>>> print(open('run_36.cif').read())   # mmCIF, C-alpha atoms
data_entry
loop_
_atom_site.group_PDB
_atom_site.id
_atom_site.type_symbol
_atom_site.label_atom_id
_atom_site.label_comp_id
_atom_site.auth_asym_id
_atom_site.auth_seq_id
_atom_site.Cartn_x
_atom_site.Cartn_y
_atom_site.Cartn_z
ATOM 1 C CA MET K 13 -112.722 -16.137 149.536
ATOM 2 C CA ASN K 14 -111.390 -17.131 146.147
ATOM 3 C CA GLY K 15 -109.501 -20.183 144.914
ATOM 4 C CA SER K 16 -106.067 -18.830 145.798
ATOM 5 C CA ASP K 17 -107.089 -18.329 149.431
ATOM 6 C CA ILE K 18 -108.511 -21.839 149.641
ATOM 7 C CA ILE K 19 -105.262 -23.276 148.259
ATOM 8 C CA PHE K 20 -103.301 -21.336 150.869
ATOM 9 C CA TYR K 21 -105.442 -22.660 153.719
ATOM 10 C CA LEU K 22 -105.188 -26.220 152.395
ATOM 11 C CA LEU K 23 -101.391 -25.954 152.232
ATOM 12 C CA ALA K 24 -101.241 -24.460 155.716
ATOM 13 C CA ALA K 25 -103.435 -27.240 157.105
ATOM 14 C CA LEU K 26 -101.324 -29.916 155.394
ATOM 15 C CA THR K 27 -98.141 -28.395 156.827
ATOM 16 C CA LEU K 28 -99.366 -28.026 160.389
ATOM 17 C CA VAL K 29 -101.292 -31.312 160.665
ATOM 18 C CA CYS K 30 -98.405 -33.328 159.255
ATOM 19 C CA GLY K 31 -95.993 -31.430 161.498
ATOM 20 C CA VAL K 32 -97.974 -32.341 164.606
ATOM 21 C CA LEU K 33 -98.275 -35.972 163.512
ATOM 22 C CA SER K 34 -94.553 -36.066 162.759
ATOM 23 C CA VAL K 35 -93.604 -35.198 166.329
ATOM 24 C CA SER K 36 -96.340 -37.252 168.010
ATOM 25 C CA THR K 37 -96.449 -40.596 166.197
ATOM 26 C CA ARG K 38 -94.628 -43.523 167.787
ATOM 27 C CA HIS K 39 -93.713 -45.199 164.498
ATOM 28 C CA ILE K 40 -90.413 -43.646 163.488
ATOM 29 C CA PHE K 41 -90.871 -44.457 159.806
ATOM 30 C CA ARG K 42 -94.271 -42.773 159.762
ATOM 31 C CA ALA K 43 -92.705 -39.757 161.462
ATOM 32 C CA ALA K 44 -90.285 -39.465 158.528
ATOM 33 C CA ILE K 45 -93.131 -39.702 156.002
ATOM 34 C CA TYR K 46 -95.144 -37.035 157.843
ATOM 35 C CA LEU K 47 -92.035 -34.839 157.856
ATOM 36 C CA LEU K 48 -91.866 -35.335 154.085
ATOM 37 C CA PHE K 49 -95.427 -34.047 153.684
ATOM 38 C CA THR K 50 -94.717 -31.080 155.954
ATOM 39 C CA LEU K 51 -91.781 -30.108 153.765
ATOM 40 C CA ILE K 52 -93.897 -30.515 150.630
ATOM 41 C CA GLY K 53 -96.532 -28.251 152.191
ATOM 42 C CA ILE K 54 -93.906 -25.589 152.874
ATOM 43 C CA ALA K 55 -92.668 -25.881 149.297
ATOM 44 C CA GLY K 56 -96.275 -25.375 148.183
ATOM 45 C CA ILE K 57 -96.469 -22.196 150.274
ATOM 46 C CA TYR K 58 -93.308 -20.943 148.551
ATOM 47 C CA PHE K 59 -94.950 -21.643 145.189
ATOM 48 C CA TRP K 60 -98.042 -19.817 146.400
ATOM 49 C CA LEU K 61 -95.879 -16.801 147.266
ATOM 50 C CA ASP K 62 -94.363 -16.804 143.731
ATOM 51 C CA TYR K 63 -90.877 -17.783 144.895
ATOM 52 C CA GLN K 64 -90.409 -20.623 142.434
ATOM 53 C CA PHE K 65 -86.655 -20.898 142.890
ATOM 54 C CA ILE K 66 -86.859 -21.355 146.655
ATOM 55 C CA ALA K 67 -89.675 -23.860 146.247
ATOM 56 C CA ALA K 68 -87.597 -25.871 143.790
ATOM 57 C CA VAL K 69 -84.574 -25.763 146.096
ATOM 58 C CA GLN K 70 -86.786 -26.841 148.999
ATOM 59 C CA ILE K 71 -88.070 -29.852 147.080
ATOM 60 C CA VAL K 72 -84.668 -30.848 145.710
ATOM 61 C CA VAL K 73 -82.674 -30.454 148.920
ATOM 62 C CA TYR K 74 -85.172 -31.312 151.659
ATOM 63 C CA VAL K 75 -87.582 -33.747 150.042
ATOM 64 C CA GLY K 76 -85.057 -35.308 147.698
ATOM 65 C CA GLY K 77 -82.019 -35.170 149.948
ATOM 66 C CA ILE K 78 -82.531 -34.859 153.677
ATOM 67 C CA VAL K 79 -85.676 -36.997 154.014
ATOM 68 C CA VAL K 80 -84.122 -39.779 151.942
ATOM 69 C CA LEU K 81 -81.014 -39.576 154.147
ATOM 70 C CA ILE K 82 -83.194 -39.790 157.279
ATOM 71 C CA ILE K 83 -85.132 -42.770 155.903
ATOM 72 C CA PHE K 84 -81.897 -44.597 155.078
ATOM 73 C CA SER K 85 -80.521 -43.985 158.540
ATOM 74 C CA ILE K 86 -83.794 -45.302 160.013
ATOM 75 C CA PHE K 87 -83.324 -48.478 157.972
ATOM 76 C CA LEU K 88 -79.763 -48.788 159.250
ATOM 77 C CA THR K 89 -80.431 -48.207 162.919
ATOM 78 C CA GLN K 90 -84.004 -49.288 163.724
ATOM 79 C CA GLN K 91 -85.577 -52.713 164.039
ATOM 80 C CA ALA K 92 -88.459 -53.020 161.577
ATOM 81 C CA GLY K 93 -91.952 -52.511 162.974
ATOM 82 C CA GLU K 94 -90.752 -51.616 166.441
ATOM 83 C CA LYS K 95 -92.486 -48.711 168.144
ATOM 84 C CA LEU K 96 -90.619 -46.038 170.024
ATOM 85 C CA PRO K 97 -90.842 -46.439 173.804
ATOM 86 C CA LYS K 98 -93.499 -44.418 175.590
ATOM 87 C CA GLN K 99 -92.365 -41.166 177.132
ATOM 88 C CA LYS K 100 -93.110 -40.127 180.671
ATOM 89 C CA ILE K 101 -96.465 -38.385 180.882
ATOM 90 C CA GLY K 102 -95.021 -35.607 183.060
ATOM 91 C CA ARG K 103 -92.406 -34.729 180.475
ATOM 92 C CA LYS K 104 -95.085 -34.579 177.778
ATOM 93 C CA ILE K 105 -97.361 -32.358 179.843
ATOM 94 C CA PHE K 106 -94.627 -29.919 180.807
ATOM 95 C CA SER K 107 -93.278 -29.744 177.243
ATOM 96 C CA ALA K 108 -96.764 -29.061 175.916
ATOM 97 C CA LEU K 109 -97.282 -26.408 178.579
ATOM 98 C CA ALA K 110 -93.975 -24.670 177.833
ATOM 99 C CA VAL K 111 -94.608 -24.801 174.102
ATOM 100 C CA PHE K 112 -98.141 -23.490 174.499
ATOM 101 C CA CYS K 113 -96.957 -20.592 176.681
ATOM 102 C CA GLY K 114 -94.246 -19.693 174.173
ATOM 103 C CA PHE K 115 -96.708 -19.836 171.301
ATOM 104 C CA ALA K 116 -99.255 -17.715 173.159
ATOM 105 C CA LEU K 117 -96.596 -15.119 173.976
ATOM 106 C CA THR K 118 -95.483 -14.971 170.343
ATOM 107 C CA MET K 119 -99.043 -14.606 169.115
ATOM 108 C CA LEU K 120 -99.723 -11.876 171.684
ATOM 109 C CA GLN K 121 -96.704 -9.908 170.493
ATOM 110 C CA LEU K 122 -97.707 -10.454 166.890
ATOM 111 C CA SER K 123 -101.265 -9.263 167.433
ATOM 112 C CA GLN K 124 -100.036 -6.035 169.046
ATOM 113 C CA ASN K 125 -97.403 -5.323 166.430
ATOM 114 C CA ILE K 126 -98.216 -3.221 163.386
ATOM 115 C CA PHE K 127 -96.079 -3.772 160.322
ATOM 116 C CA PHE K 128 -95.547 -0.890 157.945
ATOM 117 C CA LEU K 129 -96.064 -2.135 154.456
ATOM 118 C CA PRO K 130 -93.616 -0.605 151.975
ATOM 119 C CA GLU K 131 -94.532 1.692 149.147
ATOM 120 C CA LYS K 132 -91.612 0.681 146.978
ATOM 121 C CA GLU K 133 -92.048 -1.291 143.782
ATOM 122 C CA ALA K 134 -91.494 -5.032 144.055
ATOM 123 C CA ILE K 135 -88.629 -6.365 141.976
ATOM 124 C CA PRO K 136 -89.113 -9.562 139.983
ATOM 125 C CA VAL K 137 -87.611 -12.608 141.680
ATOM 126 C CA ASN K 138 -86.413 -14.822 138.867
ATOM 127 C CA VAL K 139 -83.473 -17.158 138.580
ATOM 128 C CA ALA K 140 -81.441 -14.754 136.439
ATOM 129 C CA GLU K 141 -81.619 -12.014 139.092
ATOM 130 C CA ILE K 142 -80.726 -14.475 141.860
ATOM 131 C CA GLY K 143 -77.753 -15.780 139.887
ATOM 132 C CA LYS K 144 -76.448 -12.291 139.158
ATOM 133 C CA LYS K 145 -76.729 -11.240 142.793
ATOM 134 C CA MET K 146 -75.155 -14.422 144.079
ATOM 135 C CA LEU K 147 -72.006 -13.929 142.029
ATOM 136 C CA SER K 148 -71.624 -10.139 142.158
ATOM 137 C CA THR K 149 -68.932 -8.723 144.423
ATOM 138 C CA ASN K 150 -70.372 -5.248 144.956
ATOM 139 C CA ALA K 151 -72.268 -4.075 148.039
ATOM 140 C CA GLU K 152 -75.536 -5.814 147.098
ATOM 141 C CA GLY K 153 -73.889 -9.074 146.073
ATOM 142 C CA TYR K 154 -73.522 -12.359 147.888
ATOM 143 C CA ALA K 155 -70.272 -13.716 146.491
ATOM 144 C CA LEU K 156 -68.543 -14.035 149.881
ATOM 145 C CA PRO K 157 -71.280 -16.047 151.680
ATOM 146 C CA PHE K 158 -71.596 -18.182 148.564
ATOM 147 C CA GLU K 159 -67.909 -19.111 148.738
ATOM 148 C CA VAL K 160 -68.046 -19.620 152.503
ATOM 149 C CA VAL K 161 -71.005 -21.997 152.121
ATOM 150 C CA SER K 162 -69.155 -23.930 149.423
ATOM 151 C CA MET K 163 -66.199 -24.361 151.791
ATOM 152 C CA LEU K 164 -68.606 -25.432 154.547
ATOM 153 C CA LEU K 165 -70.183 -28.057 152.300
ATOM 154 C CA LEU K 166 -66.756 -29.417 151.370
ATOM 155 C CA ALA K 167 -65.756 -29.578 155.046
ATOM 156 C CA ALA K 168 -69.051 -31.294 155.937
ATOM 157 C CA MET K 169 -68.564 -33.853 153.161
ATOM 158 C CA ILE K 170 -65.047 -34.756 154.311
ATOM 159 C CA GLY K 171 -66.194 -34.742 157.937
ATOM 160 C CA CYS K 172 -69.028 -37.173 157.181
ATOM 161 C CA ILE K 173 -66.686 -39.575 155.437
ATOM 162 C CA VAL K 174 -64.180 -39.454 158.286
ATOM 163 C CA ILE K 175 -66.809 -39.847 161.051
ATOM 164 C CA ALA K 176 -68.781 -42.655 159.433
ATOM 165 C CA LEU K 177 -65.696 -44.541 158.283
ATOM 166 C CA ARG K 178 -65.513 -47.951 159.893
ATOM 167 C CA SER K 179 -62.350 -47.989 161.954
ATOM 168 C CA LYS K 180 -59.999 -50.817 161.066
ATOM 169 C CA PRO K 181 -59.968 -53.728 163.508
ATOM 170 C CA GLU K 182 -56.880 -53.924 165.676
ATOM 171 C CA THR K 183 -54.072 -55.974 164.166
ATOM 172 C CA LYS K 184 -53.682 -59.253 166.019
ATOM 173 C CA MET L 18 -110.910 -11.221 161.288
ATOM 174 C CA ASN L 19 -109.327 -10.834 157.914
ATOM 175 C CA LEU L 20 -109.625 -14.034 155.904
ATOM 176 C CA GLU L 21 -107.359 -13.078 153.035
ATOM 177 C CA PRO L 22 -103.950 -14.707 153.610
ATOM 178 C CA GLY L 23 -101.207 -12.236 154.333
ATOM 179 C CA LEU L 24 -98.134 -11.658 156.460
ATOM 180 C CA TYR L 25 -99.898 -12.481 159.745
ATOM 181 C CA HIS L 26 -101.108 -15.838 158.469
ATOM 182 C CA LEU L 27 -97.629 -16.787 157.325
ATOM 183 C CA LEU L 28 -96.150 -15.706 160.642
ATOM 184 C CA PHE L 29 -98.788 -17.782 162.443
ATOM 185 C CA ILE L 30 -97.844 -20.884 160.446
ATOM 186 C CA SER L 31 -94.171 -20.218 161.026
ATOM 187 C CA ALA L 32 -94.574 -19.752 164.792
ATOM 188 C CA ALA L 33 -96.768 -22.847 165.065
ATOM 189 C CA LEU L 34 -94.229 -24.929 163.149
ATOM 190 C CA LEU L 35 -91.388 -23.624 165.336
ATOM 191 C CA PHE L 36 -93.180 -24.626 168.524
ATOM 192 C CA ILE L 37 -94.176 -28.015 167.085
ATOM 193 C CA GLY L 38 -90.478 -28.578 166.445
ATOM 194 C CA VAL L 39 -89.569 -27.453 169.969
ATOM 195 C CA TYR L 40 -92.187 -29.816 171.424
ATOM 196 C CA GLY L 41 -90.716 -32.702 169.436
ATOM 197 C CA PHE L 42 -87.235 -31.772 170.592
ATOM 198 C CA PHE L 43 -88.360 -31.810 174.242
ATOM 199 C CA THR L 44 -90.314 -35.063 174.182
ATOM 200 C CA ARG L 45 -88.360 -37.290 171.806
ATOM 201 C CA ARG L 46 -85.460 -39.355 173.067
ATOM 202 C CA ASN L 47 -84.410 -40.904 169.768
ATOM 203 C CA LEU L 48 -81.656 -39.035 167.930
ATOM 204 C CA ILE L 49 -83.212 -39.374 164.469
ATOM 205 C CA THR L 50 -86.567 -37.979 165.600
ATOM 206 C CA MET L 51 -84.744 -35.131 167.363
ATOM 207 C CA LEU L 52 -83.019 -34.380 164.062
ATOM 208 C CA MET L 53 -86.439 -34.275 162.389
ATOM 209 C CA SER L 54 -87.576 -31.719 164.965
ATOM 210 C CA ILE L 55 -84.539 -29.591 164.150
ATOM 211 C CA GLU L 56 -85.480 -29.728 160.479
ATOM 212 C CA LEU L 57 -88.971 -28.473 161.362
ATOM 213 C CA ILE L 58 -87.487 -25.562 163.332
ATOM 214 C CA LEU L 59 -85.162 -24.603 160.467
ATOM 215 C CA ASN L 60 -88.067 -24.728 158.021
ATOM 216 C CA SER L 61 -90.125 -22.395 160.154
ATOM 217 C CA VAL L 62 -87.228 -19.926 160.166
ATOM 218 C CA ASN L 63 -87.015 -20.149 156.380
ATOM 219 C CA LEU L 64 -90.727 -19.476 156.057
ATOM 220 C CA ASN L 65 -90.331 -16.429 158.305
ATOM 221 C CA PHE L 66 -87.528 -14.995 156.174
ATOM 222 C CA ILE L 67 -89.502 -15.546 152.971
ATOM 223 C CA ALA L 68 -92.673 -13.998 154.426
ATOM 224 C CA PHE L 69 -90.864 -10.852 155.575
ATOM 225 C CA ASN L 70 -89.073 -10.586 152.260
ATOM 226 C CA LYS L 71 -92.308 -10.921 150.319
ATOM 227 C CA TYR L 72 -94.452 -8.506 152.295
ATOM 228 C CA LEU L 73 -92.132 -5.964 153.931
ATOM 229 C CA TRP L 74 -89.074 -5.704 151.664
ATOM 230 C CA PRO L 75 -90.260 -6.662 148.182
ATOM 231 C CA HIS L 76 -87.674 -4.334 146.610
ATOM 232 C CA LYS L 77 -84.811 -6.416 148.050
ATOM 233 C CA MET L 78 -83.839 -10.101 147.951
ATOM 234 C CA ASP L 79 -81.992 -10.467 151.268
ATOM 235 C CA GLY L 80 -84.485 -12.834 152.893
ATOM 236 C CA LEU L 81 -84.376 -15.087 149.869
ATOM 237 C CA PHE L 82 -80.596 -15.377 150.038
ATOM 238 C CA PHE L 83 -80.703 -16.072 153.750
ATOM 239 C CA THR L 84 -83.148 -18.892 153.020
ATOM 240 C CA VAL L 85 -80.893 -20.364 150.335
ATOM 241 C CA PHE L 86 -77.910 -20.348 152.679
ATOM 242 C CA ILE L 87 -79.933 -21.787 155.568
ATOM 243 C CA ILE L 88 -81.067 -24.657 153.338
ATOM 244 C CA ALA L 89 -77.446 -25.357 152.335
ATOM 245 C CA ILE L 90 -76.260 -25.303 155.953
ATOM 246 C CA ALA L 91 -79.189 -27.482 157.055
ATOM 247 C CA ALA L 92 -78.214 -30.070 154.460
ATOM 248 C CA ALA L 93 -74.612 -30.097 155.706
ATOM 249 C CA GLU L 94 -75.811 -30.307 159.310
ATOM 250 C CA ALA L 95 -78.142 -33.220 158.596
ATOM 251 C CA ALA L 96 -75.401 -35.144 156.807
ATOM 252 C CA VAL L 97 -72.902 -34.680 159.664
ATOM 253 C CA ALA L 98 -75.562 -35.514 162.273
ATOM 254 C CA ILE L 99 -76.476 -38.743 160.519
ATOM 255 C CA ALA L 100 -72.809 -39.727 160.239
ATOM 256 C CA ILE L 101 -72.486 -39.197 164.003
ATOM 257 C CA ILE L 102 -75.705 -41.158 164.649
ATOM 258 C CA ILE L 103 -74.501 -44.122 162.591
ATOM 259 C CA ASN L 104 -71.159 -44.082 164.368
ATOM 260 C CA LEU L 105 -72.951 -43.963 167.736
ATOM 261 C CA TYR L 106 -75.145 -46.890 166.707
ATOM 262 C CA ARG L 107 -72.052 -48.945 165.892
ATOM 263 C CA SER L 108 -70.484 -48.379 169.287
ATOM 264 C CA HIS L 109 -73.616 -48.416 171.516
ATOM 265 C CA ASN L 110 -76.143 -50.459 169.471
ATOM 266 C CA SER L 111 -78.738 -47.813 170.274
ATOM 267 C CA ILE L 112 -79.452 -44.230 169.265
ATOM 268 C CA ASP L 113 -81.365 -43.283 172.366
ATOM 269 C CA VAL L 114 -79.884 -40.225 174.066
ATOM 270 C CA GLU L 115 -80.366 -41.869 177.477
ATOM 271 C CA ASN L 116 -77.815 -44.522 176.507
ATOM 272 C CA ALA L 117 -75.164 -42.090 175.293
ATOM 273 C CA GLU L 118 -74.138 -40.341 178.482
ATOM 274 C CA GLU L 119 -70.428 -41.011 178.873
ATOM 275 C CA LEU L 120 -69.545 -37.375 178.373
ATOM 276 C CA LYS L 121 -71.851 -36.411 181.223
ATOM 277 C CA TYR L 122 -69.631 -37.651 184.047
#
>>> encode(input="run_36.cif", output="structure tokens")
Amino acid sequence: MNGSDIIFYLLAALTLVCGVLSVSTRHIFRAAIYLLFTLIGIAGIYFWLDYQFIAAVQIVVYVGGIVVLIIFSIFLTQQAGEKLPKQKIGRKIFSALAVFCGFALTMLQLSQNIFFLPEKEAIPVNVAEIGKKMLSTNAEGYALPFEVVSMLLLAAMIGCIVIALRSKPETK
Amino acid sequence: MNLEPGLYHLLFISAALLFIGVYGFFTRRNLITMLMSIELILNSVNLNFIAFNKYLWPHKMDGLFFTVFIIAIAAAEAAVAIAIIINLYRSHNSIDVENAEELKY
């Protein structure tokens, strides 16, 4: 077991422990902070796998964007220091049971499956390659999904403004 | 038991994270915490795509592009969801799903 393996296990433990705490804590603000550490752990795993671009995108979009958005909406909608109400014990038990059965089934399938590792040469994954592929229009390119996602983001932006806009009070 | 991290370890983390997210989605009744569970589920899917791309198709970059697009769509989804949550809070003074049931009847 060398240093790289130890780093991987530390990142995996950080991700899973913070994930469990994020769904089980009754302080909503702490749940958001645990979610932040889970996302950082996943970004660390991407770094460990040598996908620097995805790791950077993960940190910028999730840690810098979505978690901050969630924390702001907690500030807007939650009374400070108030715990979430307790859930019914039956609901918790049955959810845990269903989740455990699903996880066991997945792991069973995974342990019986044999993946065929490829013999082909790995291509370098750097930002220049990603940029070229994202804008090329030939069969291997991703220009169409790129444009569709840009339209989706524009639509989401306008939709957010329209939904969250405070409606004008009725004229007296 | 092979201790060197590989595809199976990544798939284990991804599956565990998915089911943690599903558990949170089942037990939580607050819309913001449910949104957090959805983020966990989407992240596990991303990790799956990246793991398969790294270990099974290293000569292609399809999984990587799927991950990029999923991150973009997740950002849009979170923004719209939070706009809806804030609007709901204005009209109901609560973001508990038990209190927002007009559409049910």
>>> resolve_selection(input="run_36.cif", expression="the PyMOL selection byres ((chain K) within 7 of (chain L))", output="mmCIF file with C-alpha atoms, keeping the file's coordinate frame")
data_model
loop_
_atom_site.group_PDB
_atom_site.id
_atom_site.type_symbol
_atom_site.label_atom_id
_atom_site.label_comp_id
_atom_site.auth_asym_id
_atom_site.auth_seq_id
_atom_site.Cartn_x
_atom_site.Cartn_y
_atom_site.Cartn_z
ATOM 1 C CA ASP K 17 -107.089 -18.329 149.431
ATOM 2 C CA ALA K 24 -101.241 -24.460 155.716
ATOM 3 C CA LEU K 28 -99.366 -28.026 160.389
ATOM 4 C CA GLY K 31 -95.993 -31.430 161.498
ATOM 5 C CA VAL K 32 -97.974 -32.341 164.606
ATOM 6 C CA VAL K 35 -93.604 -35.198 166.329
ATOM 7 C CA ILE K 78 -82.531 -34.859 153.677
ATOM 8 C CA SER K 85 -80.521 -43.985 158.540
ATOM 9 C CA THR K 89 -80.431 -48.207 162.919
ATOM 10 C CA ARG K 103 -92.406 -34.729 180.475
ATOM 11 C CA LYS K 104 -95.085 -34.579 177.778
ATOM 12 C CA SER K 107 -93.278 -29.744 177.243
ATOM 13 C CA ALA K 108 -96.764 -29.061 175.916
ATOM 14 C CA VAL K 111 -94.608 -24.801 174.102
ATOM 15 C CA PHE K 115 -96.708 -19.836 171.301
ATOM 16 C CA LEU K 129 -96.064 -2.135 154.456
ATOM 17 C CA PRO K 130 -93.616 -0.605 151.975
ATOM 18 C CA LYS K 132 -91.612 0.681 146.978
ATOM 19 C CA GLU K 133 -92.048 -1.291 143.782
ATOM 20 C CA ALA K 134 -91.494 -5.032 144.055
ATOM 21 C CA ILE K 135 -88.629 -6.365 141.976
ATOM 22 C CA LEU K 165 -70.183 -28.057 152.300
ATOM 23 C CA ALA K 168 -69.051 -31.294 155.937
ATOM 24 C CA GLY K 171 -66.194 -34.742 157.937
ATOM 25 C CA CYS K 172 -69.028 -37.173 157.181
ATOM 26 C CA ILE K 175 -66.809 -39.847 161.051
ATOM 27 C CA ALA K 176 -68.781 -42.655 159.433
#
>>> atom_distance(input="run_36.cif", atom1="atom CA of Thr37 of chain K", atom2="atom CA of Ala117 of chain L")
23.2 Å
>>> atom_distance(input="run_36.cif", atom1="atom CA of Cys30 of chain K", atom2="atom CA of Leu47 of chain K")
6.7 Å
>>> atom_distance(input="run_36.cif", atom1="atom CA of Val80 of chain K", atom2="atom CA of Glu118 of chain L")
28.4 Å
>>> build_atoms(input="run_36.cif", residues="segment 27-40 of chain L", atoms="N, CA and C atoms", output="PDB file, keeping the file's coordinate frame")
ATOM      1  N   LEU L  27     -98.896 -16.082 157.506  1.00  0.00           N
ATOM      2  CA  LEU L  27     -97.629 -16.787 157.325  1.00  0.00           C
ATOM      3  C   LEU L  27     -96.849 -16.829 158.623  1.00  0.00           C
ATOM      4  N   LEU L  28     -96.885 -15.708 159.370  1.00  0.00           N
ATOM      5  CA  LEU L  28     -96.150 -15.706 160.642  1.00  0.00           C
ATOM      6  C   LEU L  28     -96.790 -16.665 161.637  1.00  0.00           C
ATOM      7  N   PHE L  29     -98.117 -16.800 161.569  1.00  0.00           N
ATOM      8  CA  PHE L  29     -98.788 -17.782 162.443  1.00  0.00           C
ATOM      9  C   PHE L  29     -98.322 -19.195 162.115  1.00  0.00           C
ATOM     10  N   ILE L  30     -98.296 -19.539 160.830  1.00  0.00           N
ATOM     11  CA  ILE L  30     -97.844 -20.884 160.446  1.00  0.00           C
ATOM     12  C   ILE L  30     -96.413 -21.109 160.904  1.00  0.00           C
ATOM     13  N   SER L  31     -95.581 -20.080 160.692  1.00  0.00           N
ATOM     14  CA  SER L  31     -94.171 -20.218 161.026  1.00  0.00           C
ATOM     15  C   SER L  31     -93.984 -20.415 162.528  1.00  0.00           C
ATOM     16  N   ALA L  32     -94.707 -19.613 163.342  1.00  0.00           N
ATOM     17  CA  ALA L  32     -94.574 -19.752 164.792  1.00  0.00           C
ATOM     18  C   ALA L  32     -95.085 -21.114 165.244  1.00  0.00           C
ATOM     19  N   ALA L  33     -96.220 -21.550 164.679  1.00  0.00           N
ATOM     20  CA  ALA L  33     -96.768 -22.847 165.065  1.00  0.00           C
ATOM     21  C   ALA L  33     -95.787 -23.963 164.734  1.00  0.00           C
ATOM     22  N   LEU L  34     -95.181 -23.885 163.567  1.00  0.00           N
ATOM     23  CA  LEU L  34     -94.229 -24.929 163.149  1.00  0.00           C
ATOM     24  C   LEU L  34     -93.000 -24.924 164.058  1.00  0.00           C
ATOM     25  N   LEU L  35     -92.532 -23.721 164.427  1.00  0.00           N
ATOM     26  CA  LEU L  35     -91.388 -23.624 165.336  1.00  0.00           C
ATOM     27  C   LEU L  35     -91.700 -24.317 166.648  1.00  0.00           C
ATOM     28  N   PHE L  36     -92.896 -24.053 167.212  1.00  0.00           N
ATOM     29  CA  PHE L  36     -93.180 -24.626 168.524  1.00  0.00           C
ATOM     30  C   PHE L  36     -93.509 -26.108 168.430  1.00  0.00           C
ATOM     31  N   ILE L  37     -94.031 -26.567 167.278  1.00  0.00           N
ATOM     32  CA  ILE L  37     -94.176 -28.015 167.085  1.00  0.00           C
ATOM     33  C   ILE L  37     -92.799 -28.676 167.127  1.00  0.00           C
ATOM     34  N   GLY L  38     -91.833 -28.040 166.445  1.00  0.00           N
ATOM     35  CA  GLY L  38     -90.478 -28.578 166.445  1.00  0.00           C
ATOM     36  C   GLY L  38     -89.877 -28.590 167.839  1.00  0.00           C
ATOM     37  N   VAL L  39     -90.120 -27.513 168.603  1.00  0.00           N
ATOM     38  CA  VAL L  39     -89.569 -27.453 169.969  1.00  0.00           C
ATOM     39  C   VAL L  39     -90.195 -28.541 170.840  1.00  0.00           C
ATOM     40  N   TYR L  40     -91.511 -28.759 170.658  1.00  0.00           N
ATOM     41  CA  TYR L  40     -92.187 -29.816 171.424  1.00  0.00           C
ATOM     42  C   TYR L  40     -91.564 -31.182 171.112  1.00  0.00           C
TER      43      TYR L  40
END
